[in-house]
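The data block below is protein_16.tsv; it holds TSV, C-alpha atoms and all ligand atoms.
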chain	number	residue	atom	x	y	z
A	1	MET	CA	5.34	56.19	11.84
A	2	LYS	CA	9.06	56.91	11.98
A	3	ASN	CA	9.73	53.82	9.85
A	4	ALA	CA	7.08	54.85	7.34
A	5	ALA	CA	8.61	58.32	7.09
A	6	SER	CA	12.13	56.97	6.55
A	7	PHE	CA	10.84	54.50	3.93
A	8	LEU	CA	9.19	57.42	2.13
A	9	LEU	CA	12.38	59.47	2.30
A	10	GLN	CA	14.42	56.60	0.85
A	11	SER	CA	11.86	56.01	-1.90
A	12	LEU	CA	11.82	59.70	-2.80
A	13	ARG	CA	15.63	59.76	-2.87
A	14	ARG	CA	15.62	56.99	-5.43
A	15	MET	CA	13.05	58.89	-7.49
A	16	TYR	CA	14.38	62.41	-7.15
A	17	SER	CA	17.62	64.13	-6.18
A	18	PRO	CA	18.56	63.88	-2.48
A	19	ARG	CA	18.06	67.63	-2.17
A	20	LEU	CA	14.53	67.55	-3.65
A	21	ALA	CA	13.65	64.51	-1.54
A	22	ARG	CA	14.71	66.44	1.58
A	23	VAL	CA	12.70	69.49	0.56
A	24	LEU	CA	9.61	67.36	-0.12
A	25	THR	CA	9.83	65.53	3.19
A	26	THR	CA	10.28	68.72	5.19
A	27	THR	CA	7.56	70.70	3.45
A	28	LEU	CA	4.80	68.15	2.81
A	29	PRO	CA	2.67	66.26	5.33
A	30	LEU	CA	2.90	62.45	5.25
A	31	ALA	CA	-0.38	62.21	3.31
A	32	GLY	CA	1.08	64.47	0.60
A	33	LEU	CA	4.19	62.31	0.31
A	34	CYS	CA	2.04	59.20	-0.03
A	35	ALA	CA	0.14	60.92	-2.85
A	36	ILE	CA	3.42	61.67	-4.69
A	37	LEU	CA	4.49	58.06	-4.41
A	38	ALA	CA	1.05	56.87	-5.55
A	39	LEU	CA	1.21	59.12	-8.64
A	40	ALA	CA	4.64	57.81	-9.58
A	41	PRO	CA	4.90	54.47	-11.45
A	42	SER	CA	5.23	53.07	-7.91
A	43	ALA	CA	7.92	53.33	-5.32
A	44	ARG	CA	8.65	49.63	-5.66
A	45	ALA	CA	9.23	49.90	-9.41
A	46	GLN	CA	11.38	53.03	-8.92
A	47	ALA	CA	13.45	51.20	-6.35
A	48	LYS	CA	14.36	48.57	-8.96
A	49	HIS	CA	17.50	50.35	-10.00
A	50	LEU	CA	21.18	49.81	-9.69
A	51	LEU	CA	22.84	52.72	-7.88
A	52	ILE	CA	26.52	53.63	-8.37
A	53	TYR	CA	28.19	56.45	-6.45
A	54	THR	CA	31.63	57.66	-7.48
A	55	ILE	CA	32.67	59.22	-4.19
A	56	ASP	CA	35.12	62.12	-4.08
A	57	VAL	CA	38.18	60.85	-2.22
A	58	GLU	CA	40.48	63.51	-3.65
A	59	GLY	CA	42.20	61.52	-6.37
A	60	GLY	CA	41.85	58.05	-4.83
A	61	GLN	CA	39.09	55.57	-5.56
A	62	SER	CA	35.91	54.76	-3.69
A	63	THR	CA	32.87	53.55	-5.59
A	64	LEU	CA	29.65	52.39	-3.92
A	65	ILE	CA	27.42	49.92	-5.76
A	66	VAL	CA	23.94	49.16	-4.44
A	67	SER	CA	21.92	46.52	-6.26
A	68	PRO	CA	18.16	46.75	-6.82
A	69	THR	CA	17.74	44.30	-3.92
A	70	GLY	CA	19.64	46.60	-1.56
A	71	ALA	CA	22.82	44.45	-1.52
A	72	SER	CA	25.97	46.57	-1.45
A	73	MET	CA	29.59	46.53	-2.50
A	74	LEU	CA	32.25	49.19	-2.05
A	75	VAL	CA	35.23	49.22	-4.39
A	76	ASP	CA	38.16	50.80	-2.53
A	77	THR	CA	38.15	53.11	0.45
A	78	GLY	CA	40.15	56.20	-0.48
A	79	TRP	CA	42.94	57.53	1.75
A	80	GLY	CA	43.56	57.14	5.45
A	81	GLY	CA	43.99	59.95	7.99
A	82	ASN	CA	42.34	63.33	7.39
A	83	ASP	CA	40.14	62.79	10.46
A	84	GLY	CA	38.24	60.01	8.67
A	85	ARG	CA	37.26	62.29	5.77
A	86	ASP	CA	36.91	59.53	3.17
A	87	ALA	CA	35.05	57.13	5.48
A	88	LYS	CA	32.62	59.96	6.28
A	89	ARG	CA	32.05	60.59	2.58
A	90	ILE	CA	31.42	56.86	2.04
A	91	GLU	CA	28.92	56.92	4.89
A	92	ALA	CA	27.16	59.91	3.32
A	93	ALA	CA	26.74	58.00	0.04
A	94	MET	CA	25.52	54.92	1.94
A	95	LYS	CA	22.95	57.09	3.70
A	96	ASP	CA	21.73	58.48	0.40
A	97	ALA	CA	21.41	54.92	-0.97
A	98	GLY	CA	19.60	53.74	2.16
A	99	VAL	CA	22.15	51.09	3.20
A	100	THR	CA	23.53	50.76	6.72
A	101	LYS	CA	26.24	48.13	6.14
A	102	LEU	CA	28.51	47.00	3.31
A	103	ASP	CA	28.08	43.40	2.19
A	104	HIS	CA	31.39	43.36	0.28
A	105	VAL	CA	34.40	45.67	0.19
A	106	LEU	CA	36.75	45.03	-2.73
A	107	ILE	CA	40.28	46.39	-2.47
A	108	THR	CA	41.58	46.62	-6.04
A	109	HIS	CA	45.24	46.85	-4.95
A	110	PHE	CA	47.33	47.97	-2.01
A	111	HIS	CA	48.19	51.56	-2.88
A	112	THR	CA	47.34	54.04	-0.17
A	113	ASP	CA	44.71	55.95	-2.21
A	114	HIS	CA	42.67	52.71	-2.38
A	115	VAL	CA	43.40	50.71	0.78
A	116	GLY	CA	44.50	53.55	3.10
A	117	GLY	CA	40.94	54.29	4.18
A	118	VAL	CA	40.18	50.77	5.49
A	119	PRO	CA	41.05	51.40	9.20
A	120	ASN	CA	38.79	54.48	9.29
A	121	LEU	CA	36.03	52.67	7.41
A	122	VAL	CA	35.87	49.61	9.68
A	123	ALA	CA	35.77	51.91	12.72
A	124	ARG	CA	32.50	53.37	11.41
A	125	VAL	CA	30.81	50.80	9.14
A	126	LYS	CA	30.05	47.07	9.43
A	127	VAL	CA	31.55	45.06	6.55
A	128	GLY	CA	30.40	41.55	5.52
A	129	GLU	CA	33.60	40.51	3.74
A	130	PHE	CA	36.75	41.91	2.22
A	131	LEU	CA	37.88	40.86	-1.25
A	132	ASP	CA	41.37	41.40	-2.68
A	133	HIS	CA	43.92	39.93	-5.10
A	134	GLY	CA	46.10	38.32	-2.41
A	135	GLU	CA	49.35	39.44	-0.85
A	136	ASN	CA	51.09	42.74	-1.62
A	137	ARG	CA	53.48	42.39	-4.56
A	138	GLU	CA	55.18	45.77	-4.42
A	139	ASP	CA	58.62	46.18	-2.94
A	140	SER	CA	58.17	49.55	-1.24
A	141	ASP	CA	57.95	50.58	2.41
A	142	ILE	CA	54.74	52.57	2.05
A	143	THR	CA	52.90	49.71	0.36
A	144	ARG	CA	54.20	47.16	2.88
A	145	HIS	CA	53.00	49.48	5.66
A	146	ASP	CA	49.55	49.94	4.12
A	147	TYR	CA	49.16	46.22	3.49
A	148	ALA	CA	50.04	45.43	7.12
A	149	ALA	CA	47.59	48.10	8.34
A	150	TYR	CA	44.91	46.56	6.11
A	151	LEU	CA	45.46	43.05	7.50
A	152	LYS	CA	45.31	44.41	11.04
A	153	ALA	CA	42.13	46.42	10.39
A	154	ILE	CA	40.19	43.54	8.80
A	155	LYS	CA	41.03	40.99	11.51
A	156	GLY	CA	37.76	39.33	12.50
A	157	THR	CA	36.08	40.09	9.16
A	158	PRO	CA	36.02	37.37	6.47
A	159	ARG	CA	38.58	37.89	3.68
A	160	ARG	CA	38.39	36.22	0.28
A	161	ILE	CA	41.14	36.24	-2.34
A	162	ILE	CA	39.62	36.62	-5.79
A	163	HIS	CA	40.84	35.36	-9.15
A	164	PRO	CA	39.84	36.11	-12.75
A	165	GLY	CA	36.57	34.33	-13.56
A	166	ASP	CA	35.32	34.43	-9.95
A	167	THR	CA	31.88	35.80	-9.35
A	168	ILE	CA	30.81	38.00	-6.46
A	169	LYS	CA	27.32	37.22	-5.20
A	170	ILE	CA	25.33	40.43	-5.27
A	171	PRO	CA	21.64	39.54	-5.68
A	172	GLY	CA	20.16	41.31	-8.70
A	173	LEU	CA	23.53	41.75	-10.47
A	174	THR	CA	25.93	39.58	-12.43
A	175	THR	CA	29.40	40.45	-11.18
A	176	ILE	CA	32.53	38.85	-12.58
A	177	VAL	CA	36.22	39.38	-11.82
A	178	LEU	CA	38.18	40.14	-15.02
A	179	THR	CA	41.65	40.77	-13.60
A	180	ALA	CA	43.51	40.06	-10.36
A	181	ASP	CA	47.17	39.79	-9.33
A	182	GLY	CA	48.37	40.33	-12.90
A	183	GLU	CA	46.20	37.54	-14.37
A	184	HIS	CA	43.19	38.05	-16.63
A	185	ILE	CA	40.05	36.21	-17.66
A	186	LYS	CA	40.23	34.22	-20.91
A	187	SER	CA	36.57	34.70	-21.83
A	188	VAL	CA	33.58	36.39	-20.26
A	189	PRO	CA	30.39	34.29	-20.11
A	190	GLY	CA	27.80	35.77	-22.48
A	191	VAL	CA	30.33	37.87	-24.43
A	192	LYS	CA	31.41	36.83	-27.93
A	193	PRO	CA	35.02	37.95	-28.49
A	194	GLU	CA	35.31	40.26	-31.51
A	195	PRO	CA	38.51	41.24	-33.37
A	196	ASN	CA	39.71	44.68	-32.29
A	197	PRO	CA	40.86	46.86	-35.23
A	198	TYR	CA	42.73	49.25	-32.89
A	199	CYS	CA	45.28	46.60	-31.82
A	200	ALA	CA	47.39	46.95	-34.99
A	201	SER	CA	48.44	50.54	-34.19
A	202	GLU	CA	48.84	50.09	-30.42
A	203	PRO	CA	52.45	50.36	-29.17
A	204	LYS	CA	53.86	47.54	-27.04
A	205	TRP	CA	53.79	48.65	-23.42
A	206	THR	CA	56.25	47.56	-20.75
A	207	LEU	CA	54.93	46.18	-17.52
A	208	ASP	CA	55.54	48.20	-14.34
A	209	ASP	CA	56.44	46.29	-11.19
A	210	THR	CA	54.07	48.15	-8.87
A	211	GLU	CA	50.73	47.07	-7.45
A	212	ASN	CA	48.85	48.85	-10.28
A	213	PRO	CA	48.92	46.02	-12.87
A	214	ARG	CA	47.85	43.63	-10.08
A	215	SER	CA	44.53	45.50	-9.73
A	216	ALA	CA	41.44	43.38	-9.24
A	217	GLY	CA	38.98	44.54	-11.89
A	218	VAL	CA	35.27	43.80	-12.11
A	219	LEU	CA	32.51	43.92	-14.73
A	220	PHE	CA	29.06	44.56	-13.26
A	221	ARG	CA	25.95	43.70	-15.26
A	222	TYR	CA	22.35	44.61	-14.45
A	223	GLY	CA	20.22	43.33	-17.33
A	224	LYS	CA	21.56	45.19	-20.36
A	225	PHE	CA	23.46	47.78	-18.31
A	226	ARG	CA	27.22	47.19	-18.02
A	227	PHE	CA	29.69	48.97	-15.73
A	228	LEU	CA	33.46	48.43	-15.81
A	229	ASP	CA	35.85	49.20	-12.92
A	230	LEU	CA	39.43	47.95	-13.31
A	231	GLY	CA	41.08	50.01	-10.55
A	232	ASP	CA	44.52	51.27	-11.57
A	233	LEU	CA	45.22	48.64	-14.24
A	234	THR	CA	48.04	49.87	-16.50
A	235	LYS	CA	48.38	49.64	-20.29
A	236	ALA	CA	50.41	46.42	-20.45
A	237	LYS	CA	47.55	44.62	-18.64
A	238	GLU	CA	44.71	46.45	-20.40
A	239	ILE	CA	45.81	45.18	-23.80
A	240	PRO	CA	45.40	41.40	-23.19
A	241	LEU	CA	41.73	42.07	-22.35
A	242	VAL	CA	41.07	43.58	-25.78
A	243	CYS	CA	43.78	42.29	-28.17
A	244	PRO	CA	43.73	40.61	-30.56
A	245	ASP	CA	40.06	40.06	-29.63
A	246	ASN	CA	37.96	42.26	-27.39
A	247	LEU	CA	36.91	39.91	-24.56
A	248	ILE	CA	34.83	42.50	-22.67
A	249	GLY	CA	32.51	43.90	-25.34
A	250	HIS	CA	30.98	47.37	-24.97
A	251	VAL	CA	30.16	49.02	-21.66
A	252	ASP	CA	27.65	51.70	-20.73
A	253	LEU	CA	29.70	53.19	-17.92
A	254	TYR	CA	33.49	53.19	-17.60
A	255	LEU	CA	35.24	54.26	-14.42
A	256	VAL	CA	38.34	55.64	-16.12
A	257	ASN	CA	41.34	53.47	-15.25
A	258	HIS	CA	43.87	54.85	-12.79
A	259	HIS	CA	42.05	58.17	-12.24
A	260	GLY	CA	42.93	59.21	-15.81
A	261	MET	CA	46.69	58.63	-15.65
A	262	ASN	CA	48.66	58.30	-18.89
A	263	LEU	CA	50.17	54.99	-17.69
A	264	SER	CA	46.69	53.59	-18.29
A	265	ASN	CA	43.95	54.21	-20.87
A	266	SER	CA	45.53	52.83	-24.01
A	267	LYS	CA	43.60	53.71	-27.15
A	268	ALA	CA	43.06	50.07	-28.19
A	269	PHE	CA	41.48	49.40	-24.79
A	270	VAL	CA	39.29	52.48	-24.40
A	271	PHE	CA	38.05	52.46	-28.00
A	272	ALA	CA	37.26	48.73	-27.82
A	273	ILE	CA	35.10	48.94	-24.71
A	274	HIS	CA	33.25	51.83	-26.40
A	275	PRO	CA	31.84	53.47	-23.24
A	276	ARG	CA	28.74	55.64	-23.50
A	277	VAL	CA	29.68	57.56	-20.38
A	278	ALA	CA	33.02	57.74	-18.56
A	279	ILE	CA	33.66	59.02	-15.05
A	280	MET	CA	37.21	60.01	-14.12
A	281	ASP	CA	37.98	59.87	-10.39
A	282	ASN	CA	40.82	62.39	-10.55
A	283	GLY	CA	41.82	64.90	-7.89
A	284	ALA	CA	42.39	68.65	-8.20
A	285	HIS	CA	46.13	68.06	-8.57
A	286	LYS	CA	46.26	64.32	-9.29
A	287	ALA	CA	45.78	62.40	-12.55
A	288	GLY	CA	43.17	63.57	-15.08
A	289	MET	CA	46.13	63.88	-17.48
A	290	PRO	CA	45.74	65.46	-20.94
A	291	GLU	CA	46.70	62.36	-22.96
A	292	ALA	CA	44.31	60.07	-21.05
A	293	TYR	CA	41.63	62.78	-21.22
A	294	ASP	CA	42.06	63.04	-25.00
A	295	THR	CA	41.88	59.26	-25.49
A	296	VAL	CA	38.70	58.84	-23.47
A	297	HIS	CA	37.15	62.01	-24.88
A	298	ALA	CA	37.80	60.85	-28.46
A	299	SER	CA	36.41	57.36	-27.86
A	300	PRO	CA	33.78	56.57	-30.52
A	301	GLY	CA	30.26	56.64	-29.11
A	302	LEU	CA	31.16	58.56	-25.94
A	303	LYS	CA	28.28	60.82	-24.84
A	304	ALA	CA	29.92	62.40	-21.80
A	305	LEU	CA	33.13	62.44	-19.79
A	306	TYR	CA	32.52	63.35	-16.16
A	307	MET	CA	35.33	64.40	-13.81
A	308	LEU	CA	35.27	64.34	-10.02
A	309	HIS	CA	37.49	67.43	-9.97
A	310	ILE	CA	38.62	70.18	-12.24
A	311	ASN	CA	42.25	69.36	-12.95
A	312	GLU	CA	43.81	72.62	-11.75
A	313	THR	CA	47.14	71.82	-13.38
A	314	SER	CA	45.60	71.30	-16.82
A	315	ASP	CA	43.97	73.61	-19.37
A	316	ALA	CA	40.38	74.17	-20.45
A	317	ALA	CA	40.78	71.86	-23.46
A	318	HIS	CA	41.50	68.98	-21.06
A	319	ASN	CA	38.80	69.66	-18.52
A	320	SER	CA	35.12	68.84	-18.98
A	321	PRO	CA	32.54	71.67	-18.94
A	322	ALA	CA	31.45	72.66	-15.41
A	323	PRO	CA	28.09	70.77	-15.43
A	324	PHE	CA	30.12	67.55	-15.88
A	325	VAL	CA	32.51	68.30	-13.02
A	326	ALA	CA	31.59	67.49	-9.41
A	327	ASN	CA	34.13	69.70	-7.64
A	328	LEU	CA	35.22	73.06	-9.03
A	329	LYS	CA	38.27	75.11	-8.11
A	330	GLY	CA	37.56	77.20	-5.03
A	331	GLY	CA	34.34	75.34	-4.20
A	332	SER	CA	33.75	72.89	-1.39
A	333	ASP	CA	34.90	69.32	-2.03
A	334	GLY	CA	33.11	66.03	-1.46
A	335	ASN	CA	30.55	66.22	-4.27
A	336	TYR	CA	29.88	62.94	-6.04
A	337	PHE	CA	28.20	61.47	-9.09
A	338	LYS	CA	25.24	59.16	-8.59
A	339	VAL	CA	24.36	56.82	-11.43
A	340	VAL	CA	20.88	55.28	-11.45
A	341	ALA	CA	20.67	52.43	-13.96
A	342	ASP	CA	17.75	50.44	-15.31
A	343	SER	CA	17.94	46.84	-16.49
A	344	ASN	CA	16.94	47.97	-20.00
A	345	GLY	CA	20.32	49.73	-20.26
A	346	SER	CA	19.08	53.29	-19.69
A	347	PHE	CA	20.66	55.29	-16.89
A	348	SER	CA	21.06	58.77	-15.45
A	349	VAL	CA	23.95	60.62	-13.84
A	350	LEU	CA	23.32	63.09	-11.03
A	351	ASN	CA	25.96	65.68	-10.17
A	352	SER	CA	25.48	66.23	-6.43
A	353	ARG	CA	27.04	69.70	-6.69
A	354	THR	CA	24.44	71.04	-9.12
A	355	GLY	CA	21.55	68.69	-8.30
A	356	LYS	CA	21.13	68.27	-12.07
A	357	THR	CA	20.64	64.90	-13.75
A	358	GLU	CA	21.51	63.88	-17.31
A	359	GLU	CA	19.60	60.99	-18.87
A	360	TYR	CA	21.08	58.34	-21.18
A	361	PRO	CA	18.42	56.27	-22.94
A	362	ALA	CA	18.64	52.56	-23.65
A	363	ARG	CA	20.70	51.74	-26.75
B	1	ZN	ZN	45.06	54.99	-7.48
I'd like the structure from this file rewritten - as structure tokens, please.
Ligand SMILES: [Zn+2]
Amino acid sequence: MKNAASFLLQSLRRMYSPRLARVLTTTLPLAGLCAILALAPSARAQAKHLLIYTIDVEGGQSTLIVSPTGASMLVDTGWGGNDGRDAKRIEAAMKDAGVTKLDHVLITHFHTDHVGGVPNLVARVKVGEFLDHGENREDSDITRHDYAAYLKAIKGTPRRIIHPGDTIKIPGLTTIVLTADGEHIKSVPGVKPEPNPYCASEPKWTLDDTENPRSAGVLFRYGKFRFLDLGDLTKAKEIPLVCPDNLIGHVDLYLVNHHGMNLSNSKAFVFAIHPRVAIMDNGAHKAGMPEAYDTVHASPGLKALYMLHINETSDAAHNSPAPFVANLKGGSDGNYFKVVADSNGSFSVLNSRTGKTEEYPAR
């Protein structure tokens, strides 16, 4: 009976908002819940969705991907310390998605807002394997420290070094590595490279010698739905992916590079990938910069730009309207966006703060 009830709760969560699912399960008898599921197209059909959670880790990255088969991957772990705050927020998203372990954890690069949360995470959650771009390349004490702490924390868990062109086996999805350790893929299977008209006016960017341009970046495909997450890749490494030819094609959902920093988000890149929806994982006082905001906001075909936080250091013209912001000034933090995608390319975005969902139909 307990199993049946938890199955129903999970099914309802996939169909409705977590809040509504909770209300339904606490107010209706089991027979009533069964009737709701029977009236719906079917719980099994509803469960056939890709789930993506952009978790609020206060200006770092942590993105949970759960395939229609229930396989899971976490991209980055947020910050360390803070009494395990970011690991707890990851666990909350996992609970909402109905997963109890992480099959893969990809560390895009070894900056503390991405890898810092690993020790707290492994203390709370079982991980199948860690994926990363290989050894730390940045000559700084903090990064050396975080890389050493990472190696120590993952001891005993399989680690795989990934390269452009590698695939990550997540049943139900096609997942391919586009960038890693400063290298990039030369062509993406199934994508015909197209000339990019925005290359001609793009300035030449100099390469920074940090871990950012080493970011491991991944393209996720579920049927016609396409989601791009390139970590903190900077402009000099964005351009080879889209100039002179766009190797990636268009995407439905773009996790804005580098939390919306101006070092990333070149116009030739953002306009070429032509996102329908972008989510910026900025903090209240970190990233979400006006120039990057303007570039993404002006991207042709963009329907919405979501932000994990109001940028408190910016103005109203460079902040999205409140319904598209997960965490407002003065409110409680930790709200996330939950994307539910269908293989036909349609998807929805739930703002966990408001409980409201926006729908984006198939192209
Ligand atoms: Zn970062």
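Near Thr179 in chain A, within 7 Å and counting all atoms listed in the file, sit Pro164, Glu183, His184, Ile185, Ser215, Ala216 and Gly217 of chain A; same-chain residues fewer than 4 positions away were not included.
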Sorted per-residue table, chain A near ligand ZN 1 (chain B), closest atoms and distance, 8 Å, all atoms listed in the file, as JSON lines:
{"residue": "A:Gly59", "atom": "CA", "partner": "B:ZN1", "partner_atom": "ZN", "distance": 7.2}
{"residue": "A:Gly60", "atom": "CA", "partner": "B:ZN1", "partner_atom": "ZN", "distance": 5.2}
{"residue": "A:Gln61", "atom": "CA", "partner": "B:ZN1", "partner_atom": "ZN", "distance": 6.3}
{"residue": "A:His111", "atom": "CA", "partner": "B:ZN1", "partner_atom": "ZN", "distance": 6.5}
{"residue": "A:Thr112", "atom": "CA", "partner": "B:ZN1", "partner_atom": "ZN", "distance": 7.7}
{"residue": "A:Asp113", "atom": "CA", "partner": "B:ZN1", "partner_atom": "ZN", "distance": 5.4}
{"residue": "A:His114", "atom": "CA", "partner": "B:ZN1", "partner_atom": "ZN", "distance": 6.1}
{"residue": "A:Asn212", "atom": "CA", "partner": "B:ZN1", "partner_atom": "ZN", "distance": 7.7}
{"residue": "A:Gly231", "atom": "CA", "partner": "B:ZN1", "partner_atom": "ZN", "distance": 7.1}
{"residue": "A:Asp232", "atom": "CA", "partner": "B:ZN1", "partner_atom": "ZN", "distance": 5.6}
{"residue": "A:His258", "atom": "CA", "partner": "B:ZN1", "partner_atom": "ZN", "distance": 5.4}
{"residue": "A:His259", "atom": "CA", "partner": "B:ZN1", "partner_atom": "ZN", "distance": 6.5}
| field | Protein/DNA/RNA residues near (37.0, 62.6, -10.2), cut 12 Å, all atoms listed in the file, as a VMD selection string | value | chain A and resid 53 to 63 255 to 261 278 to 289 293 305 to 311 319 to 320 324 to 328 333 to 337 351
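Neighbouring residues of range 86-91 of chain A at 6 Å or closer, counting all atoms listed in the file and skipping chain neighbours under 3 positions away, are Val57, Gly78, Met94, Asn120 and Leu121 of chain A.
Considering the residues A:Leu102, A:Cys243, A:Tyr360, A:Asp209 and counting only C-alpha atoms, Pro275 in chain A has its shortest atom-to-atom contact with A:Tyr360.
The space between CA of Val339 in chain A and CA of Ser314 in chain A spans 26.3 Å.
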| task | Could you check how far CA of Arg221 in chain A sits from CA of Val66 in chain A, in Å to one decimal? | result | 12.3 Å
| request: Measuring atom to atom with all atoms listed in the file, identify which of A:Val191, A:Ala292, A:Ala71, A:Ile107 is nearest to Thr234 in chain A. | output: A:Ala292
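The interatomic distance for the pair CA of Gly128 in chain A and CA of Ile154 in chain A works out to 10.5 Å.
For the choices A:Asp181, A:Glu238, A:Asp96, A:Asp245, the atom-to-atom distance to Lys204 in chain A is smallest for A:Glu238 when using only C-alpha atoms.
Taking all atoms listed in the file into account, Leu106 in chain A lies nearest to A:Leu74 out of the set A:Lys303, A:Trp79, A:Leu74, A:Lys126.
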| task | Identify, on the basis of only C-alpha atoms, every residue whose closest approach to His49 in chain A does not exceed 6 Å; exclude the query and any residue fewer than 4 positions from it along the same chain; express the result as a ChimeraX atom specification. | result | /A:68,341-342
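Close contacts of Gly249 in chain A, defined as residues with an atom at most 9 Å away when counting only C-alpha atoms, with chain neighbours fewer than 6 positions off set aside, comprise Val191, Lys192, Pro193, Glu194, Val242, Ala272, Ile273 and His274 of chain A.
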| query | Contacts of Val251 in chain A at 9 Å or less, counting only C-alpha atoms, minus same-chain residues fewer than 3 places along, as a list of chain:residue names? | reply | A:Leu219, A:Phe225, A:Arg226, A:Phe227, A:Leu228, A:Ile248, A:Tyr254, A:Ile273, A:His274, A:Pro275, A:Arg276, A:Val277
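Compared by their closest atoms to Tyr147 in chain A, and using only C-alpha atoms, the residues A:Val188, A:Val218, A:Leu247, A:Val118 rank with A:Val118 nearest.
Residue nearest Pro171 in chain A, chosen from A:Gly330, A:Gly355, A:Met73, A:Lys338 and counting all atoms listed in the file: A:Met73.
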Which centre and which edge lengths, in Å to one decimal, describe the axis-aligned box that holds all listed atoms of range 94-105 of chain A after 5 Å is added on each side, as AutoDock Vina command-line options?
--center_x 27.0 --center_y 50.9 --center_z 2.9 --size_x 24.8 --size_y 25.1 --size_z 17.7
